[in-house]
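A quick write-up on the structure given underneath.
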Amino acid sequence: MLPWKRALRPLAALLLTAAVALVPAAGVAQAAAAPSSGWNDYTCKPSAAHPRPVVLVHGTFANSVDNWLALAPYLENRDYCVFSFDYGQLSGVPLFHGLGPIDKSAEQLKTFVDKVLTATGAPETDLVGHSQGGLMPRYYLKFLGGAAKVNALVGIAPDNHGTTLSGITNLMPYFPGIQDLLTTHTPALADQVVGSPFLTRLNEGGDTVPGVKYTVLATKYDEVVTPYRSQFLSGSGVHNVLLQDLCALDLSEHVAIGLFDRIAFHEVANALDPTHATPTTCASAFS
C-alpha cells in the first residue's frame with residue numbers, strides 16, 4: 001500500500017465514526033425515548049441476577065444513542081438496567097460529542113452515575129465504554145471518587161495510553177499551530193495524543209485503582225488506537241482480551257468492535273457477570 005494511503009486509513013476511520021452519528025432523527029428519537037426497552041428507563045430496578053445498572057459511555061465524535069444501538073438492546077435483553085448519556089459537548093456542535101476536555105467529561109460521568117444510582121437504588125454500577133469512553137472513566141475512578149461507586153470498567157478499544165493515529169500525530173511538531181488548534185477546538189483529541197499532559201497525569205503511578213475490575217477488549221485491526229496493544233492495562237484486577245485470540249475470523253476494526261461485533265458483546269457480558277461466563281468463540285456472533 002502506498003504511504004499516503006496508509007496515512008489516510010485512520011482519518012477514514014474517524015470519518016466513519018462520525019458518519020455513524022448521522023442516523024435519521026426519527027430513529028434516534030424512537031431509540032432514546034422507548035422506556036419499554038429498558039434502555040434509559042429510570043424506573044428499571046436491577047434484578048437479583050444482575051444487581052448493578054450498566055452505564056454506557058460513548059466514544060469521540062459519537063453520542064449516547066448511536067454508539068449503542070446494538071449493545072444496549074443486547075444487554076437489556078439479558079436483564080440488565082442499561083443507561084447512556086452524552087458528554088464532552090461543544091457549543092454549536094450537535095450529535096458529535098466527546099470533544100470537550102476529558103477531565104470535564106469525567107465530571108459529567110460522575111454526575112450521571114450518581115443520578116443512575118439514585119434512581120435504581122443500587123450501591124454500585126458497571127461502566128462499559130467504547131474508545132474514549134473506555135479511557136475517560138479511568139479519570140473518574142482515580143480522581144473523582146468513582147472507585148467507591150463502580151464495580152467494573154469494560155473498555156472496548158480504549159486508548160488507555162493514547163494513540164498516534166498510525167503515526168499521524170507524530171507530524172504535529174512539523175506544523176506550527178496545529179496543537180493549539182486541536183486544544184482550542186477539540187480538546188479531547190489533544191488529550192488522547194500519546195504523551196499528552198492529561199495521559200501523563202492519568203497513568204502516573206499505575207493504570208488501575210484498587211477495588212475495580214478492569215476488562216479491555218481490543219482488535220488487532222484497530223486503525224485508530226495504534227498500536228493496538230497500547231490499549232491494554234497493567235495492574236491487579238485486569239483482564240486484557242484480543243478478539244482474534246477468541247475468533248481468528250473476527251475482522252472488526254475500531255468502529256465495528258463497539259457498534260455491532262457480537263463476539264465483543266459476548267465478552268462484555270462475561271465481564272459484567274463473570275460467575276456465569278461462557279466461552280467466547282466465533283459462534284458467539286450468533287448468540
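Each chain in the C-alpha cells gets a letter, A, B, ..., in the order shown, and its residues are numbered from 1; ligands are numbered from 1 in order too.
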Among segment 64-279 of chain A, which residues carry a DSSP assignment of strand (DSSP E), reported as an MDAnalysis selection string? chainID A and resid 82:85 125:130 150:156 213:218 238:242
Atoms to include: C-alpha atoms. Write the selected residues as a compact mmCIF listing (two decimals), in the first residue's frame.
# COMPACT_ATOMS: atom_id res chain seq x y z
CA VAL A 82 -28.96 -0.01 30.87
CA PHE A 83 -28.27 3.71 30.72
CA SER A 84 -26.32 6.05 28.44
CA PHE A 85 -25.60 9.77 28.36
CA THR A 125 -22.66 0.47 38.78
CA ASP A 126 -20.68 -1.15 35.97
CA LEU A 127 -19.27 1.00 33.17
CA VAL A 128 -18.85 -0.04 29.53
CA GLY A 129 -17.11 2.40 27.21
CA HIS A 130 -16.03 2.49 23.57
CA VAL A 150 -18.03 1.34 40.29
CA ASN A 151 -17.59 -2.43 40.37
CA ALA A 152 -16.15 -2.92 36.88
CA LEU A 153 -14.97 -0.96 33.86
CA VAL A 154 -15.09 -2.64 30.45
CA GLY A 155 -13.18 -0.76 27.76
CA ILE A 156 -13.91 -1.58 24.11
CA LYS A 213 -12.25 -4.85 37.94
CA TYR A 214 -10.93 -3.88 34.53
CA THR A 215 -11.52 -5.58 31.18
CA VAL A 216 -10.03 -4.35 27.91
CA LEU A 217 -11.26 -5.68 24.56
CA ALA A 218 -9.01 -4.96 21.60
CA VAL A 238 -7.08 -6.53 34.84
CA HIS A 239 -8.26 -8.84 32.07
CA ASN A 240 -6.88 -7.94 28.63
CA VAL A 241 -8.55 -9.64 25.66
CA LEU A 242 -7.56 -9.69 21.99
As a PDB file with C-alpha atoms, in the first residue's frame, please: all residues of segment 73-169 of chain A that backbone DSSP puts in helix (DSSP H, G or I).
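Output contents, as saved in states-v6.pdb:
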ATOM      1  CA  PRO A  73     -30.592  -3.861  23.482  1.00  0.00           C
ATOM      2  CA  TYR A  74     -28.168  -6.809  23.702  1.00  0.00           C
ATOM      3  CA  LEU A  75     -27.658  -6.132  27.418  1.00  0.00           C
ATOM      4  CA  GLU A  76     -31.260  -5.169  28.089  1.00  0.00           C
ATOM      5  CA  ILE A 102     -11.644  14.786  29.141  1.00  0.00           C
ATOM      6  CA  ASP A 103     -11.318  15.803  32.790  1.00  0.00           C
ATOM      7  CA  LYS A 104     -14.506  17.850  32.443  1.00  0.00           C
ATOM      8  CA  SER A 105     -16.231  14.938  30.706  1.00  0.00           C
ATOM      9  CA  ALA A 106     -15.306  12.764  33.688  1.00  0.00           C
ATOM     10  CA  GLU A 107     -17.169  15.223  35.913  1.00  0.00           C
ATOM     11  CA  GLN A 108     -20.235  14.728  33.716  1.00  0.00           C
ATOM     12  CA  LEU A 109     -19.851  10.963  34.160  1.00  0.00           C
ATOM     13  CA  LYS A 110     -19.689  11.405  37.930  1.00  0.00           C
ATOM     14  CA  THR A 111     -22.960  13.363  37.903  1.00  0.00           C
ATOM     15  CA  PHE A 112     -24.661  10.799  35.676  1.00  0.00           C
ATOM     16  CA  VAL A 113     -23.546   7.798  37.739  1.00  0.00           C
ATOM     17  CA  ASP A 114     -24.958   9.464  40.853  1.00  0.00           C
ATOM     18  CA  LYS A 115     -28.237  10.013  39.001  1.00  0.00           C
ATOM     19  CA  VAL A 116     -28.431   6.362  37.945  1.00  0.00           C
ATOM     20  CA  LEU A 117     -27.587   5.035  41.406  1.00  0.00           C
ATOM     21  CA  THR A 118     -30.196   7.273  42.996  1.00  0.00           C
ATOM     22  CA  ALA A 119     -32.857   6.159  40.520  1.00  0.00           C
ATOM     23  CA  THR A 120     -32.108   2.441  40.733  1.00  0.00           C
ATOM     24  CA  GLN A 132     -12.532   7.449  24.597  1.00  0.00           C
ATOM     25  CA  GLY A 133     -15.464   6.050  26.558  1.00  0.00           C
ATOM     26  CA  GLY A 134     -13.169   3.336  27.902  1.00  0.00           C
ATOM     27  CA  LEU A 135     -10.435   5.828  28.768  1.00  0.00           C
ATOM     28  CA  MET A 136     -12.332   8.755  30.287  1.00  0.00           C
ATOM     29  CA  PRO A 137     -13.928   6.755  33.149  1.00  0.00           C
ATOM     30  CA  ARG A 138     -10.456   5.947  34.460  1.00  0.00           C
ATOM     31  CA  TYR A 139     -10.090   9.637  35.380  1.00  0.00           C
ATOM     32  CA  TYR A 140     -13.389   9.442  37.265  1.00  0.00           C
ATOM     33  CA  LEU A 141     -12.228   6.317  39.083  1.00  0.00           C
ATOM     34  CA  LYS A 142      -8.836   7.748  40.001  1.00  0.00           C
ATOM     35  CA  PHE A 143      -9.502  11.385  40.792  1.00  0.00           C
ATOM     36  CA  GLY A 146     -15.596   6.819  41.240  1.00  0.00           C
ATOM     37  CA  ALA A 147     -13.861   3.722  42.604  1.00  0.00           C
ATOM     38  CA  ALA A 148     -16.313   3.651  45.507  1.00  0.00           C
ATOM     39  CA  ILE A 168      -0.129  10.944  12.019  1.00  0.00           C
ATOM     40  CA  THR A 169       0.080  12.753  15.347  1.00  0.00           C
TER      41      THR A 169
END
Residue among A:Ala48, A:Leu202, A:Ala248, A:Ala277 lying closest to Asp79 of chain A, counting only C-alpha atoms: A:Ala48
Find the residues near Val225 of chain A: any atom within 8 Å, counting only C-alpha atoms, skip ones fewer than 6 places away on the same chain, and give them as an NGL selection string. :A and (157-159 or 162-166 or 231 or 254)
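Once Leu246 of chain A and its same-chain neighbours fewer than 5 positions away are set aside, Val241, Ile263, Pro279, Thr280, Thr281 and Cys282 of chain A remain within 9 Å of it when counting only C-alpha atoms.
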Okay, now the selection with C-alpha atoms, as a PDB file, in the first residue's frame?
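Now in part_9.pdb:
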ATOM      1  CA  VAL A 241      -8.546  -9.639  25.656  1.00  0.00           C
ATOM      2  CA  ILE A 263     -18.251 -11.531  19.719  1.00  0.00           C
ATOM      3  CA  PRO A 279     -16.533 -19.366  26.371  1.00  0.00           C
ATOM      4  CA  THR A 280     -16.425 -16.764  23.636  1.00  0.00           C
ATOM      5  CA  THR A 281     -15.907 -18.253  20.160  1.00  0.00           C
ATOM      6  CA  CYS A 282     -16.754 -17.380  16.578  1.00  0.00           C
TER       7      CYS A 282
END
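As for atom CA of Pro187 of chain A and atom CA of Leu99 of chain A, they are spaced 6.2 Å apart.
Comparing the minimum interatomic distances between Leu71 of chain A and each of A:Ala271, A:Ala264, A:Leu95, A:Ala283, counting only C-alpha atoms, we find that A:Ala264 sits nearest.
Counting from atom CA of Lys149 of chain A, the distance to atom CA of Leu56 of chain A is 14.9 Å.
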